[in-house]
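Peer 1: What follows is a structure written as structure tokens; I'll ask about it next.
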Amino acid sequence: MAGAVPVAKSLKDIYTEDALPAQTERWETLLKQFKTNYGHSPQFVSRSPGRVNIIGEHIDYSLYSVLPAAITADVLLAVSVIDETSPGSYKIKVSNVQSSKFPSHEFDIPYDSVNIDATVHEWTNYFKSGLRGALELLRKKHGANFKPKSMEILMDGTVPAGGGLSSSAAFVSASALAVMFANGETAVDKTELTELAIVSERAVGVNSGGMDQSASVFSHRGSALLVSFVPSLTARPIKFPKTNPELNFVIAQSFVVSDKQVTAPVCYNLRVVECSLAAEYLNAVLNKKGTPLPKDSGPLGVSLRGFHTNYFGETTLSFEAQLTELVSLTKSTLTQTSGYTREEIASVLKMTVPELNARFTSTVPIRAEKFKLRQRALHVFSEALRVLQFLSILENPSASLSQDTGSSTETFNRKLGDLMNETQESCREDYECSCPELDELCEIAREAGSYGSRLTGAGWGGCSVHLVPGDKVDAVKRAWEERYYSKRELTQEQREAAVVVSRPGGGSAVFVVGGEGVL
């Protein structure tokens with residue numbers, strides 16, 4: 001799965017067959033709009049997709065493996081390199097096809113820095129964060145005095161913002177890819193692009209893990225993607241076997257917008273801090289050797305996976321058995337269900353409260369009086385275990401298929417669905433990242449025939465994903481319309497985009513614009 005980001009010769013290299021008619025029209029509109037805005041055609045288009053996470057929610061930043069898949073919805077950046085520089089700066093012109101909603105900007109950026117004000121919610125910050133990350137990599141390759149090219153950019157995004165399908169990761173990844181390609185890097189390494197995108201998104205105030213960026217860059221058409229972070233970032237495609245009835249991943253919008261940049265202090269970033277504190281607390285109490293947690297690629301430099309490794313050392317237990325034991329240890333060690341105060345945590349970690357704040361709560365903005373270490377650790381360890389179990393079912397289907405008669409795969413289908421349902425329960429009860437609307441969508445879908453239903457993405461709104469047999473898809477969609485969407489004031493455009501039957505799509509790509517159209 002490693003190697004260079006592909007340079008596509010046709011949209012057929014990027015999208016599944018069913019998506020081509022709509023995407024062809026969209027791309028042609030993008031190229032025409034670029035010419036209207038800037039007076040000439042773009043030289044290339046950088047593309048990165050959104051993703052749906054099948055299983056493995058909120059455990060990537062604790063460095064446990066996850067199983068996402070790319071979707072058709074994506075971010076496109078049409079780009080042209082221009083000769084407009086001054087002795088101390090270069091020029092970036094950025095516009096959006098939705099110009100009334102996202103106004104155009106023109107920046108003169110000093111060669112020595114890219115300033116991003118994460119406290120200001122401005123759409124171009126995502127491009128700037130990709131730009132800054134790409135420039136750091138370009139200067140490692142070409143020296144500290146490397147001077148980037150000026151660029152004209154037109155952006156078109158179909159990944160709904162705040163929908164839990166990783167619009168921000170797609171935007172940052174596409175931006176970094178565009179900057180790399182515009183500055184002469186025609187073979188952009190997928191791993192390098194992913195790693196810089198992970199770090200870059202943190203510049204806009206979101207301490208993301210790495211699943212979103214990995215899925216956006218590495219995904220392969222027709223496959224889910226197992227993304228692992230230890231000992232290093234890797235990704236490999238996972239095929240779903242043929243089933244009867246056929247399985248479909250159906251994505252449903254709640255239309256509750258969850259903007260991670262806005263809500264992070266009490267939602268996303270707080271969970272990052274709670275998981276890091278849980279790792280330190282468990283290590284302080286349970287690690288009799290007294291060895292500190294290893295520094296790793298977690299957002300705060302330590303992780304529950306780091307504690308896991310520290311605690312077991314050279315064990316002969318299987319990874320599944322280790323996780324099962326960690327769930328039990330968490331329950332017996334972290335007994336305060338109401339949470340832990342800063343004073344209580346600092347005492348166990350043998351540091352002062354100011355030292356605790358400086359180490360864990362000063363680098364990311366959060367607001368909390370108590371930290372629910374027990375519930376967060378329980379979710380992470382149990383969800384990591386569910387990923388293993390889901391993967392085992394996919395890679396060893398005969399164990400489940402043998403329980404059915406004829407061509408039916410009902411037992412196999414239900415085992416996968418049961419794990420997704422368990423994830424939703426854990427997200428609702430232990431991680432507290434669901435919301436009533438997502439819970440309602442999941443309940444309606446299960447009653448109408450879904451095998452498994454759960455939130456996908458950060459949660460607190462956004463989207464849900466459902467494992468639905470092919471002969472039940474229409475029934476599930478009707479039930480949502482009757483019991484959920486009809487009761488909300490939605491535009492026609494929202495209604496049309498509310499439900500998507502998803503097929504795993506391809507990852508990041510560059511399309512060089514020629515004179516022969518996009519097909």
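Residues are referred to by chain and number: the chain letter is A, B, ... according to the order shown in the structure tokens, the number counts from 1 in that chain, and ligands are numbered separately from 1 in the order shown.
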What lies within 12 Å of Glu136 of chain A using only C-alpha atoms, ignoring chain neighbours under 6 positions off, as a PDB file with N, CA and C atoms, in the first residue's frame?
Peer 2:
```pdb
ATOM      1  N   TYR A 111       8.327  33.924   3.294  1.00  0.00           N
ATOM      2  CA  TYR A 111       9.010  32.663   3.027  1.00  0.00           C
ATOM      3  C   TYR A 111       9.352  31.901   4.313  1.00  0.00           C
ATOM      4  N   ASP A 112       9.530  32.632   5.414  1.00  0.00           N
ATOM      5  CA  ASP A 112      10.051  31.974   6.617  1.00  0.00           C
ATOM      6  C   ASP A 112       8.968  31.384   7.526  1.00  0.00           C
ATOM      7  N   SER A 113       7.662  31.657   7.270  1.00  0.00           N
ATOM      8  CA  SER A 113       6.642  31.123   8.178  1.00  0.00           C
ATOM      9  C   SER A 113       5.257  31.159   7.531  1.00  0.00           C
ATOM     10  N   VAL A 114       4.368  30.274   8.044  1.00  0.00           N
ATOM     11  CA  VAL A 114       2.954  30.288   7.644  1.00  0.00           C
ATOM     12  C   VAL A 114       2.146  30.457   8.920  1.00  0.00           C
ATOM     13  N   SER A 129      -2.760  24.956   6.855  1.00  0.00           N
ATOM     14  CA  SER A 129      -2.120  23.917   7.661  1.00  0.00           C
ATOM     15  C   SER A 129      -1.458  22.870   6.760  1.00  0.00           C
ATOM     16  N   GLY A 130      -2.126  22.523   5.641  1.00  0.00           N
ATOM     17  CA  GLY A 130      -1.504  21.613   4.677  1.00  0.00           C
ATOM     18  C   GLY A 130      -0.288  22.234   4.026  1.00  0.00           C
ATOM     19  N   HIS A 142      14.997  19.704   0.430  1.00  0.00           N
ATOM     20  CA  HIS A 142      15.744  20.604  -0.453  1.00  0.00           C
ATOM     21  C   HIS A 142      16.534  21.689   0.272  1.00  0.00           C
ATOM     22  N   GLY A 143      16.520  21.674   1.598  1.00  0.00           N
ATOM     23  CA  GLY A 143      17.293  22.665   2.337  1.00  0.00           C
ATOM     24  C   GLY A 143      16.434  23.774   2.902  1.00  0.00           C
ATOM     25  N   ALA A 144      16.938  24.420   3.934  1.00  0.00           N
ATOM     26  CA  ALA A 144      16.161  25.417   4.678  1.00  0.00           C
ATOM     27  C   ALA A 144      15.806  26.645   3.849  1.00  0.00           C
ATOM     28  N   ASN A 145      16.539  26.896   2.753  1.00  0.00           N
ATOM     29  CA  ASN A 145      16.299  28.093   1.950  1.00  0.00           C
ATOM     30  C   ASN A 145      15.334  27.857   0.789  1.00  0.00           C
ATOM     31  N   PHE A 146      14.685  26.703   0.787  1.00  0.00           N
ATOM     32  CA  PHE A 146      13.738  26.397  -0.295  1.00  0.00           C
ATOM     33  C   PHE A 146      12.623  27.442  -0.324  1.00  0.00           C
ATOM     34  N   LYS A 147      12.305  27.943  -1.533  1.00  0.00           N
ATOM     35  CA  LYS A 147      11.264  28.951  -1.680  1.00  0.00           C
ATOM     36  C   LYS A 147      10.106  28.375  -2.497  1.00  0.00           C
ATOM     37  N   PRO A 148       8.919  28.314  -1.908  1.00  0.00           N
ATOM     38  CA  PRO A 148       7.775  27.724  -2.602  1.00  0.00           C
ATOM     39  C   PRO A 148       7.239  28.600  -3.729  1.00  0.00           C
ATOM     40  N   ALA A 176      -1.953  19.610   1.201  1.00  0.00           N
ATOM     41  CA  ALA A 176      -0.535  19.246   1.273  1.00  0.00           C
ATOM     42  C   ALA A 176      -0.083  18.603  -0.038  1.00  0.00           C
ATOM     43  N   VAL A 179       0.371  21.309  -2.737  1.00  0.00           N
ATOM     44  CA  VAL A 179       1.598  22.095  -2.549  1.00  0.00           C
ATOM     45  C   VAL A 179       2.822  21.288  -2.975  1.00  0.00           C
ATOM     46  N   MET A 180       2.859  20.014  -2.591  1.00  0.00           N
ATOM     47  CA  MET A 180       3.994  19.162  -2.971  1.00  0.00           C
ATOM     48  C   MET A 180       4.109  19.065  -4.495  1.00  0.00           C
ATOM     49  N   GLU A 192       4.681   9.636   3.669  1.00  0.00           N
ATOM     50  CA  GLU A 192       5.105  10.995   4.025  1.00  0.00           C
ATOM     51  C   GLU A 192       3.919  11.959   4.004  1.00  0.00           C
ATOM     52  N   LEU A 193       3.071  11.837   2.994  1.00  0.00           N
ATOM     53  CA  LEU A 193       1.905  12.716   2.903  1.00  0.00           C
ATOM     54  C   LEU A 193       0.978  12.505   4.092  1.00  0.00           C
ATOM     55  N   GLU A 195       1.677  11.258   7.130  1.00  0.00           N
ATOM     56  CA  GLU A 195       2.282  11.698   8.388  1.00  0.00           C
ATOM     57  C   GLU A 195       2.285  13.215   8.513  1.00  0.00           C
ATOM     58  N   LEU A 196       2.561  13.926   7.408  1.00  0.00           N
ATOM     59  CA  LEU A 196       2.550  15.387   7.517  1.00  0.00           C
ATOM     60  C   LEU A 196       1.129  15.916   7.646  1.00  0.00           C
ATOM     61  N   ALA A 197       0.140  15.216   7.046  1.00  0.00           N
ATOM     62  CA  ALA A 197      -1.252  15.651   7.177  1.00  0.00           C
ATOM     63  C   ALA A 197      -1.757  15.469   8.601  1.00  0.00           C
ATOM     64  N   VAL A 199       0.005  15.666  11.406  1.00  0.00           N
ATOM     65  CA  VAL A 199       0.574  16.749  12.214  1.00  0.00           C
ATOM     66  C   VAL A 199      -0.031  18.086  11.810  1.00  0.00           C
ATOM     67  N   SER A 200      -0.255  18.274  10.502  1.00  0.00           N
ATOM     68  CA  SER A 200      -0.746  19.561  10.003  1.00  0.00           C
ATOM     69  C   SER A 200      -2.121  19.901  10.536  1.00  0.00           C
TER      70      SER A 200
END
```
Peer 1: Which neighbours of Val75 of chain A fall inside 12 Å, counting only C-alpha atoms, when residues of the same chain fewer than 2 positions from it are skipped, and could you give them as a PyMOL selection string?
Peer 2: chain A and resi 26-27+30+45-51+71-73+77-78+96-97+126-127+154-161+165-175+177-178+216-217+507-510
Peer 1: Quick one: contact table of segment 10-99 of chain A to segment 388-392 of chain A, 10 Å max, nearest atom pair and distance in Å to one decimal per residue, counting only C-alpha atoms, chain and number order, as JSON lines?
Peer 2:
```
{"residue": "A:Ile54", "atom": "CA", "partner": "A:Phe390", "partner_atom": "CA", "distance": 9.7}
{"residue": "A:Ile55", "atom": "CA", "partner": "A:Phe390", "partner_atom": "CA", "distance": 8.0}
{"residue": "A:Gly56", "atom": "CA", "partner": "A:Leu388", "partner_atom": "CA", "distance": 9.4}
{"residue": "A:Ser65", "atom": "CA", "partner": "A:Leu388", "partner_atom": "CA", "distance": 8.5}
{"residue": "A:Val66", "atom": "CA", "partner": "A:Leu388", "partner_atom": "CA", "distance": 9.2}
{"residue": "A:Leu67", "atom": "CA", "partner": "A:Leu391", "partner_atom": "CA", "distance": 8.5}
```
Peer 1: If you run DSSP on this backbone, which residues of segment 188-347 of chain A come out as helix (DSSP H, G or I), and could you give them as a ChimeraX atom specification?
Peer 2: /A:190-204,211-218,260-263,268-286,304-312,319-333,342-347
Peer 1: Write out as a ChimeraX atom specification all residues of segment 289-413 of chain A that DSSP puts in strand (DSSP E or B) for this structure's backbone.
Peer 2: /A:340-341,370-371
Peer 1: In terms of the shortest atom-to-atom distance over only C-alpha atoms, which of A:Val272, A:Val468, A:Leu300, A:Val473 is closest to His58 of chain A?
Peer 2: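 Closest candidate: A:Val272.
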Peer 1: For Gly222 of chain A, which residue out of A:Gly449, A:Gly210, A:Pro237, A:Pro299 is the nearest one, using only C-alpha atoms?
Peer 2: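 Using only C-alpha atoms, Gly222 of chain A sits closest to A:Pro237.
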Peer 1: Which residues are close to Met351 of chain A, i.e. within 12 Å by only C-alpha atoms, leaving aside same-chain residues fewer than 4 positions away? Reply as a PyMOL selection string.
Peer 2: chain A and resi 280-281+284+342-347+355-360
Peer 1: Would you mind exporting the chosen residues as a tab-separated table (two decimals), in the first residue's frame, restricted to N, CA and C atoms?
Peer 2:
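So the final result, stored in again_11.tsv, reads:
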```tsv
chain	number	residue	atom	x	y	z
A	280	GLU	N	-1.26	7.38	31.89
A	280	GLU	CA	-0.29	7.73	32.95
A	280	GLU	C	-0.74	7.18	34.30
A	281	TYR	N	-2.03	7.29	34.59
A	281	TYR	CA	-2.56	6.84	35.87
A	281	TYR	C	-2.41	5.32	36.01
A	284	ALA	N	1.19	4.39	36.52
A	284	ALA	CA	1.69	4.73	37.87
A	284	ALA	C	1.23	3.70	38.90
A	342	ARG	N	-8.20	17.04	39.07
A	342	ARG	CA	-6.79	17.28	38.79
A	342	ARG	C	-5.94	16.94	40.01
A	343	GLU	N	-6.44	17.29	41.19
A	343	GLU	CA	-5.68	17.03	42.42
A	343	GLU	C	-5.49	15.52	42.64
A	344	GLU	N	-6.53	14.75	42.39
A	344	GLU	CA	-6.45	13.29	42.58
A	344	GLU	C	-5.47	12.66	41.59
A	345	ILE	N	-5.52	13.12	40.35
A	345	ILE	CA	-4.62	12.56	39.33
A	345	ILE	C	-3.18	12.98	39.61
A	346	ALA	N	-2.98	14.24	39.94
A	346	ALA	CA	-1.62	14.74	40.20
A	346	ALA	C	-0.98	13.99	41.36
A	347	SER	N	-1.75	13.68	42.40
A	347	SER	CA	-1.22	12.96	43.55
A	347	SER	C	-0.68	11.59	43.15
A	355	GLU	N	2.03	21.45	37.43
A	355	GLU	CA	2.83	20.59	36.55
A	355	GLU	C	1.94	19.72	35.68
A	356	LEU	N	0.85	19.20	36.26
A	356	LEU	CA	-0.10	18.41	35.50
A	356	LEU	C	-0.71	19.24	34.37
A	357	ASN	N	-1.15	20.46	34.71
A	357	ASN	CA	-1.74	21.34	33.70
A	357	ASN	C	-0.75	21.67	32.59
A	358	ALA	N	0.47	21.95	32.98
A	358	ALA	CA	1.49	22.30	31.98
A	358	ALA	C	1.75	21.13	31.04
A	359	ARG	N	1.73	19.92	31.59
A	359	ARG	CA	2.05	18.73	30.79
A	359	ARG	C	0.88	18.29	29.91
A	360	PHE	N	-0.34	18.36	30.42
A	360	PHE	CA	-1.47	17.73	29.72
A	360	PHE	C	-2.56	18.67	29.23
```
Peer 1: Please list as a list in words every residue within 10 Å of Phe44 of chain A, counting only C-alpha atoms and excluding residues in the same chain fewer than 6 positions away.
Peer 2: Val7, Leu31, Leu77, Ala78, Val79, Ser80, Val81, Ala178, Phe181, Ala182, Val510, Phe511, Val512, Val513 and Gly514 of chain A
Peer 1: What does the file look like for those residues with N, CA, C and O atoms, as an mmCIF file, in the first residue's frame?
Peer 2:
```cif
data_model
loop_
_atom_site.group_PDB
_atom_site.id
_atom_site.type_symbol
_atom_site.label_atom_id
_atom_site.label_comp_id
_atom_site.auth_asym_id
_atom_site.auth_seq_id
_atom_site.Cartn_x
_atom_site.Cartn_y
_atom_site.Cartn_z
ATOM 1 N N VAL A 7 -0.935 9.305 -10.116
ATOM 2 C CA VAL A 7 -1.283 10.390 -11.031
ATOM 3 C C VAL A 7 -2.271 9.807 -12.031
ATOM 4 O O VAL A 7 -1.912 8.960 -12.855
ATOM 5 N N LEU A 31 -13.441 22.883 -13.642
ATOM 6 C CA LEU A 31 -12.438 23.412 -14.569
ATOM 7 C C LEU A 31 -12.926 24.695 -15.241
ATOM 8 O O LEU A 31 -12.148 25.646 -15.430
ATOM 9 N N LEU A 77 -8.921 20.230 -5.333
ATOM 10 C CA LEU A 77 -8.242 21.516 -5.439
ATOM 11 C C LEU A 77 -7.672 21.636 -6.843
ATOM 12 O O LEU A 77 -6.717 20.933 -7.198
ATOM 13 N N ALA A 78 -8.294 22.491 -7.655
ATOM 14 C CA ALA A 78 -7.741 22.792 -8.976
ATOM 15 C C ALA A 78 -6.645 23.839 -8.784
ATOM 16 O O ALA A 78 -6.844 24.839 -8.083
ATOM 17 N N VAL A 79 -5.483 23.606 -9.405
ATOM 18 C CA VAL A 79 -4.294 24.407 -9.072
ATOM 19 C C VAL A 79 -3.548 24.845 -10.334
ATOM 20 O O VAL A 79 -3.435 24.081 -11.304
ATOM 21 N N SER A 80 -3.037 26.053 -10.266
ATOM 22 C CA SER A 80 -2.095 26.526 -11.270
ATOM 23 C C SER A 80 -0.958 27.251 -10.565
ATOM 24 O O SER A 80 -1.194 28.019 -9.624
ATOM 25 N N VAL A 81 0.267 26.968 -10.991
ATOM 26 C CA VAL A 81 1.438 27.673 -10.458
ATOM 27 C C VAL A 81 1.584 28.979 -11.223
ATOM 28 O O VAL A 81 1.463 29.015 -12.458
ATOM 29 N N ALA A 178 -1.368 19.099 -3.018
ATOM 30 C CA ALA A 178 -1.315 20.143 -4.043
ATOM 31 C C ALA A 178 -0.028 20.947 -3.954
ATOM 32 O O ALA A 178 0.617 21.239 -4.975
ATOM 33 N N PHE A 181 2.979 18.783 -5.160
ATOM 34 C CA PHE A 181 2.992 18.593 -6.615
ATOM 35 C C PHE A 181 3.330 19.898 -7.329
ATOM 36 O O PHE A 181 4.091 19.906 -8.303
ATOM 37 N N ALA A 182 2.791 21.015 -6.846
ATOM 38 C CA ALA A 182 3.054 22.313 -7.462
ATOM 39 C C ALA A 182 4.520 22.708 -7.366
ATOM 40 O O ALA A 182 5.034 23.465 -8.207
ATOM 41 N N VAL A 510 -3.655 12.683 -8.008
ATOM 42 C CA VAL A 510 -3.453 13.918 -8.760
ATOM 43 C C VAL A 510 -3.904 13.667 -10.192
ATOM 44 O O VAL A 510 -3.606 12.614 -10.773
ATOM 45 N N PHE A 511 -4.645 14.605 -10.740
ATOM 46 C CA PHE A 511 -5.079 14.522 -12.129
ATOM 47 C C PHE A 511 -4.460 15.693 -12.882
ATOM 48 O O PHE A 511 -4.708 16.857 -12.549
ATOM 49 N N VAL A 512 -3.621 15.402 -13.867
ATOM 50 C CA VAL A 512 -2.992 16.453 -14.669
ATOM 51 C C VAL A 512 -3.950 16.851 -15.778
ATOM 52 O O VAL A 512 -4.405 16.001 -16.563
ATOM 53 N N VAL A 513 -4.287 18.123 -15.842
ATOM 54 C CA VAL A 513 -5.280 18.614 -16.792
ATOM 55 C C VAL A 513 -4.670 18.726 -18.182
ATOM 56 O O VAL A 513 -3.640 19.375 -18.378
ATOM 57 N N GLY A 514 -5.291 18.060 -19.134
ATOM 58 C CA GLY A 514 -4.861 18.139 -20.527
ATOM 59 C C GLY A 514 -5.972 18.667 -21.392
ATOM 60 O O GLY A 514 -6.952 19.244 -20.913
#
```
Peer 1: Which neighbours of segment 480-484 of chain A fall inside 12 Å, counting only C-alpha atoms, when residues of the same chain fewer than 4 positions from it are skipped, and could you give them as a ChimeraX atom specification?
Peer 2: /A:250-255,436-450,473-476,488-490,495-496,498-499
